[in-house]
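Contents: one structure, followed by commentary.
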Amino acid sequence: MKSGSYTVPAIVCDADKLSQVAIIQNLGHLGVPVTAVAANPSAIGFASRYVNTRIVLEEPSYRAAYVRQLMEKASPGVLFYSNDANTENIARHRDELLANGFSVLVAATAVLDKVIQKDRLYQTAAECHVAVPRSIVVESAAQLLEAARDTGFPLILKSTNLAGGVYRFVASADEVGGVLHEMERVIGSEEYRHRDARLIAQEWIGQEDVELWNFNACVCAGKIAAYSMGRRIRSNRKPDGSIGSTLLYGRTAHNERILAANCRLLEHIRFDGIVETEWSQSISRPERIHLYDFNPRPSGNIRWALKSGAPLVEVYYRLALGLPFAPTPAMRTGVRYYKIFWKDTDFQEALSNPCLSRGQKAAILAVDLWGLIASRGHAIDIFDPWDLAPTACAMKPLLASVRRKMRWLFPDGAPHPDRRTGGVA
């Protein structure tokens, strides 16, 4: 797709995040000058050899002052936003950014409200015949018990607008009061207070008969310009045994039903920008699919989509600048994703899962080792053979994570029991 050289710089927000490192490296391969922005001067993205300019902004990226400081310190270019809060902040100041020479492709704030607020997302999805888990906003234990009459137990208690992994499993009515108090404490914590989250009770979709899918795309005015999709084979597990939201191992594949549902939803809301959606599909009844998360920004595993041949970053860059682009190549199927060098990893999860036999753990370790050997054709976070400094930086938090995992595994010399199986949150 690339024609000539790209001279307009790209400005990558929150360069300490997994998604942003992949974006920086992809931009570097395209020859785009990169400005990386982070609050910490030791941000992992700053280590990339593809970064031309490093800007330290201590102001949190969700605040209005962040945008003002960004415009003061960075030369105009194409903005790549990071998490939900940063995306909302960029969207609120879109007109001001454009007036000052910056380029960005981001959904309008009214659209973001429909998809970031999960209670509204599920209503919006239903409008275009996309199935979602039943979800009810709750503010008290009495309301949670009332919601359970509709959803049944077990259920999920989760926030309306935080990351998918911020939830708690409610197995029975006896757990309602304790879990509600815990989630109120979580959403009111210093880390999340600025999001003004509420709580919703959500129907639990068990994993006995489902496959989980990820869909990544670059979208303009509701039309998908480039996409990649794949099946989530392994995700992280929480200390209580429930499934988290971090992808550890996956493989790209086509799924016409999920593609069609994404097309309907994205066109219905006329979405703009990079997006990730997450789905479950029944194995025995494949017509039964559910949307369970919508992330209106780059996914943490965007490296997987890029490795499959979907040029999401380049298409976004060109669309933001108003440049034409040729039809994008189809994604390649069978491309694997391995999370090996960044915090909680596939092999760590395998070693700490007491439900797995030694043979199963050894098989997962062998798969991850093969991924390293065959890395040219697959995606590994964080690993780029042409830019190894971020991988070296990732080793320090990885080793710290391994030590924490070992302390959790053997607090008193005995293995930690796995209390329950996981599901879709």
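Chain lettering (A, B, ...) mirrors the order of the structure tokens, residue numbering begins at 1 for each chain separately, and ligand numbering begins at 1 in order of display.
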I need the strand (DSSP E or B) residues of range 240-270 of chain A per DSSP on the backbone, written as a list in words. Ile243, Gly244, Ser245, Thr246, Leu247, Leu248, Tyr249, Gly250, Arg251 and Thr252 of chain A
Would you save the residues of that selection, restricted to N, CA and C atoms, as an mmCIF file, in the first residue's frame?
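And here's result_12.cif as it stands now:
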data_model
loop_
_atom_site.group_PDB
_atom_site.id
_atom_site.type_symbol
_atom_site.label_atom_id
_atom_site.label_comp_id
_atom_site.auth_asym_id
_atom_site.auth_seq_id
_atom_site.Cartn_x
_atom_site.Cartn_y
_atom_site.Cartn_z
ATOM 1 N N ILE A 243 -11.589 -16.602 34.650
ATOM 2 C CA ILE A 243 -10.849 -16.189 33.465
ATOM 3 C C ILE A 243 -10.705 -14.682 33.403
ATOM 4 N N GLY A 244 -9.514 -14.190 33.109
ATOM 5 C CA GLY A 244 -9.278 -12.770 32.927
ATOM 6 C C GLY A 244 -9.439 -12.354 31.475
ATOM 7 N N SER A 245 -9.041 -11.131 31.160
ATOM 8 C CA SER A 245 -9.260 -10.593 29.813
ATOM 9 C C SER A 245 -7.994 -10.568 28.962
ATOM 10 N N THR A 246 -6.867 -11.022 29.504
ATOM 11 C CA THR A 246 -5.600 -10.942 28.772
ATOM 12 C C THR A 246 -5.419 -12.161 27.873
ATOM 13 N N LEU A 247 -5.242 -11.919 26.593
ATOM 14 C CA LEU A 247 -4.986 -13.003 25.650
ATOM 15 C C LEU A 247 -3.556 -13.499 25.815
ATOM 16 N N LEU A 248 -3.392 -14.810 25.925
ATOM 17 C CA LEU A 248 -2.069 -15.414 26.063
ATOM 18 C C LEU A 248 -1.652 -16.165 24.806
ATOM 19 N N TYR A 249 -2.624 -16.787 24.132
ATOM 20 C CA TYR A 249 -2.302 -17.590 22.952
ATOM 21 C C TYR A 249 -3.546 -17.661 22.061
ATOM 22 N N GLY A 250 -3.368 -17.387 20.786
ATOM 23 C CA GLY A 250 -4.497 -17.428 19.856
ATOM 24 C C GLY A 250 -4.037 -17.750 18.454
ATOM 25 N N ARG A 251 -5.016 -17.928 17.555
ATOM 26 C CA ARG A 251 -4.706 -18.258 16.161
ATOM 27 C C ARG A 251 -5.731 -17.584 15.252
ATOM 28 N N THR A 252 -5.264 -16.886 14.210
ATOM 29 C CA THR A 252 -6.193 -16.210 13.306
ATOM 30 C C THR A 252 -7.001 -17.217 12.504
#
Give me the range 315-348 of chain A side of the contact with range 102-107 of chain A, cut-off 12 Å, one line per residue showing its nearest atom pair and distance in Å at one decimal, counting only C-alpha atoms, sorted by chain and residue number, as CSV.
residue,atom,partner,partner_atom,distance
A:Val315,CA,A:Leu105,CA,10.5
A:Tyr316,CA,A:Leu105,CA,7.1
A:Tyr317,CA,A:Val104,CA,8.2
A:Arg318,CA,A:Leu105,CA,9.7
A:Leu319,CA,A:Leu105,CA,7.1
A:Ala320,CA,A:Val104,CA,5.0
A:Leu321,CA,A:Ser103,CA,6.1
A:Gly322,CA,A:Ser103,CA,9.0
A:Leu323,CA,A:Ser103,CA,11.6
With C-alpha atoms retained, write the just-selected residues as an mmCIF file, in the first residue's frame.
data_model
loop_
_atom_site.group_PDB
_atom_site.id
_atom_site.type_symbol
_atom_site.label_atom_id
_atom_site.label_comp_id
_atom_site.auth_asym_id
_atom_site.auth_seq_id
_atom_site.Cartn_x
_atom_site.Cartn_y
_atom_site.Cartn_z
ATOM 1 C CA VAL A 315 -4.545 2.403 6.977
ATOM 2 C CA TYR A 316 -5.276 4.510 10.064
ATOM 3 C CA TYR A 317 -2.313 6.785 9.290
ATOM 4 C CA ARG A 318 -3.465 7.329 5.707
ATOM 5 C CA LEU A 319 -7.123 7.845 6.622
ATOM 6 C CA ALA A 320 -6.193 10.378 9.310
ATOM 7 C CA LEU A 321 -4.215 12.335 6.696
ATOM 8 C CA GLY A 322 -6.932 12.002 4.057
ATOM 9 C CA LEU A 323 -4.651 9.967 1.781
#
His268 in chain A surroundings by only C-alpha atoms, 12 Å radius, close-in-sequence under 6 positions cut, as JSON, numbers by chain: {"A": [111, 114, 115, 121, 124, 125, 126, 127, 128, 129, 130, 221, 222, 223, 261, 262]}
Let's have the selection written as an mmCIF file, in the first residue's frame, with C-alpha atoms.
data_model
loop_
_atom_site.group_PDB
_atom_site.id
_atom_site.type_symbol
_atom_site.label_atom_id
_atom_site.label_comp_id
_atom_site.auth_asym_id
_atom_site.auth_seq_id
_atom_site.Cartn_x
_atom_site.Cartn_y
_atom_site.Cartn_z
ATOM 1 C CA VAL A 111 -20.483 7.368 19.659
ATOM 2 C CA LYS A 114 -22.536 4.272 23.302
ATOM 3 C CA VAL A 115 -19.728 1.718 23.301
ATOM 4 C CA LEU A 121 -23.278 -0.768 24.361
ATOM 5 C CA THR A 124 -26.959 -0.287 20.952
ATOM 6 C CA ALA A 125 -25.954 -3.783 19.864
ATOM 7 C CA ALA A 126 -29.515 -5.015 20.284
ATOM 8 C CA GLU A 127 -30.682 -2.257 17.907
ATOM 9 C CA CYS A 128 -28.782 -3.936 15.053
ATOM 10 C CA HIS A 129 -29.611 -7.501 16.094
ATOM 11 C CA VAL A 130 -26.293 -8.301 17.758
ATOM 12 C CA ALA A 221 -17.577 6.203 8.800
ATOM 13 C CA GLY A 222 -18.752 2.749 9.808
ATOM 14 C CA LYS A 223 -17.027 0.948 6.921
ATOM 15 C CA ALA A 261 -22.132 -8.901 13.249
ATOM 16 C CA ASN A 262 -19.179 -6.475 13.411
#
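Closest to Tyr192 in chain A among A:Ala363, A:Tyr122, A:Ile205, A:Ala85 is A:Ala85, based on only C-alpha atoms.
CA of Ala39 in chain A is positioned 22.8 Å from CA of Phe383 in chain A.
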Output as a tab-separated table (two decimals) with C-alpha atoms, in the first residue's frame all residues of range 53-98 of chain A that backbone DSSP marks as helix (DSSP H, G or I).
chain	number	residue	atom	x	y	z
A	64	ALA	CA	-7.61	18.02	29.31
A	65	ALA	CA	-4.25	19.48	30.38
A	66	TYR	CA	-2.55	16.52	28.70
A	67	VAL	CA	-3.88	17.60	25.29
A	68	ARG	CA	-2.80	21.20	25.86
A	69	GLN	CA	0.71	20.12	26.85
A	70	LEU	CA	0.86	17.71	23.92
A	71	MET	CA	0.07	20.51	21.47
A	72	GLU	CA	2.74	22.69	23.09
A	73	LYS	CA	5.54	20.10	23.05
A	84	ASP	CA	-10.39	4.15	26.63
A	85	ALA	CA	-9.82	7.21	28.81
A	86	ASN	CA	-7.14	8.63	26.50
A	87	THR	CA	-9.35	7.97	23.47
A	88	GLU	CA	-12.24	9.85	25.09
A	89	ASN	CA	-9.90	12.74	25.91
A	90	ILE	CA	-8.61	12.95	22.34
A	91	ALA	CA	-12.18	12.78	21.00
A	92	ARG	CA	-13.32	15.63	23.26
A	94	ARG	CA	-10.62	16.59	18.30
A	95	ASP	CA	-11.59	19.93	16.76
A	96	GLU	CA	-8.92	21.79	18.74
A	97	LEU	CA	-6.28	19.27	17.67
A	98	LEU	CA	-7.28	19.50	14.01
Atomic separation - CA of Ala253 in chain A relative to CA of Thr333 in chain A, Å: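 Pair CA of Thr333 in chain A / CA of Ala253 in chain A returns 4.8 Å.
Straight-line separation from CA of Ala142 in chain A to CA of Tyr292 in chain A: 24.9 Å.
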Neighbours of Leu369 in chain A within 10 Å (only C-alpha atoms; same-chain residues fewer than 6 positions away dropped), as a JSON list (two decimals) with N, CA and C atoms, in the first residue's frame?
[["chain", "number", "residue", "atom", "x", "y", "z"],
["A", 338, "TYR", "N", 1.52, -15.27, 20.68],
["A", 338, "TYR", "CA", 2.12, -15.77, 21.91],
["A", 338, "TYR", "C", 2.46, -14.59, 22.82],
["A", 340, "ILE", "N", 4.77, -13.88, 25.61],
["A", 340, "ILE", "CA", 5.93, -14.54, 26.21],
["A", 340, "ILE", "C", 6.81, -13.58, 27.01],
["A", 347, "PHE", "N", 3.39, -19.11, 29.43],
["A", 347, "PHE", "CA", 4.05, -20.20, 30.14],
["A", 347, "PHE", "C", 3.89, -20.06, 31.66],
["A", 363, "ALA", "N", 3.43, -29.42, 27.34],
["A", 363, "ALA", "CA", 2.98, -29.19, 25.96],
["A", 363, "ALA", "C", 2.87, -27.70, 25.67],
["A", 375, "SER", "N", 9.23, -17.48, 15.00],
["A", 375, "SER", "CA", 8.68, -16.15, 15.26],
["A", 375, "SER", "C", 8.49, -15.31, 14.01]]
List as number ranges by chain the protein and nucleic acid residues near Pro133 in chain A, meaning an atom at most 7 Å away when only C-alpha atoms are counted, but skip any in the same chain fewer than 6 places from it. A: 202-203, 290, 292
Any chance you can output those residues with C-alpha atoms as a PDB file, in the first residue's frame?
ATOM      1  CA  GLN A 202     -24.298  -9.511  33.701  1.00  0.00           C
ATOM      2  CA  GLU A 203     -25.414 -12.932  32.587  1.00  0.00           C
ATOM      3  CA  HIS A 290     -22.547 -12.899  21.881  1.00  0.00           C
ATOM      4  CA  TYR A 292     -19.152  -9.152  25.354  1.00  0.00           C
TER       5      TYR A 292
END
List the spatial neighbours of Val186 in chain A as a list of chain:residue names - criterion: any atom at most 10 Å away, only C-alpha atoms, same-chain residues fewer than 6 positions off excluded. A:Ser159, A:Val166, A:Tyr167, A:Leu180, A:Tyr192, A:Arg193, A:Ala197
With C-alpha atoms retained, could you export that selection as a PDB file, in the first residue's frame?
ATOM      1  CA  SER A 159     -18.045  -1.969  35.887  1.00  0.00           C
ATOM      2  CA  VAL A 166     -12.289  -5.706  36.107  1.00  0.00           C
ATOM      3  CA  TYR A 167     -15.118  -7.920  37.291  1.00  0.00           C
ATOM      4  CA  LEU A 180     -20.714  -5.861  45.774  1.00  0.00           C
ATOM      5  CA  TYR A 192     -10.204   4.046  38.657  1.00  0.00           C
ATOM      6  CA  ARG A 193     -12.017   6.903  40.417  1.00  0.00           C
ATOM      7  CA  ALA A 197     -17.910   3.877  36.742  1.00  0.00           C
TER       8      ALA A 197
END
Excluding Ile283 in chain A and any residue of its chain fewer than 4 positions from it, enumerate the residues within 10 Å of it, using only C-alpha atoms, and give them as an mmCIF file with C-alpha atoms, in the first residue's frame.
data_model
loop_
_atom_site.group_PDB
_atom_site.id
_atom_site.type_symbol
_atom_site.label_atom_id
_atom_site.label_comp_id
_atom_site.auth_asym_id
_atom_site.auth_seq_id
_atom_site.Cartn_x
_atom_site.Cartn_y
_atom_site.Cartn_z
ATOM 1 C CA GLN A 207 -17.110 -21.890 28.654
ATOM 2 C CA GLU A 208 -18.151 -25.509 28.420
ATOM 3 C CA ASP A 209 -19.515 -25.099 24.885
ATOM 4 C CA VAL A 210 -18.025 -21.840 23.579
ATOM 5 C CA GLU A 211 -15.105 -20.458 21.634
ATOM 6 C CA GLU A 287 -25.429 -19.370 15.174
ATOM 7 C CA ARG A 288 -25.397 -18.335 18.836
ATOM 8 C CA ILE A 289 -22.817 -15.580 19.203
#
Calculated over only C-alpha atoms, which of the candidates A:Trp342, A:Arg285, A:Leu399, A:Arg237 has the smallest distance to Cys355 in chain A?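 The shortest atom-to-atom distance to Cys355 in chain A comes from A:Arg237.
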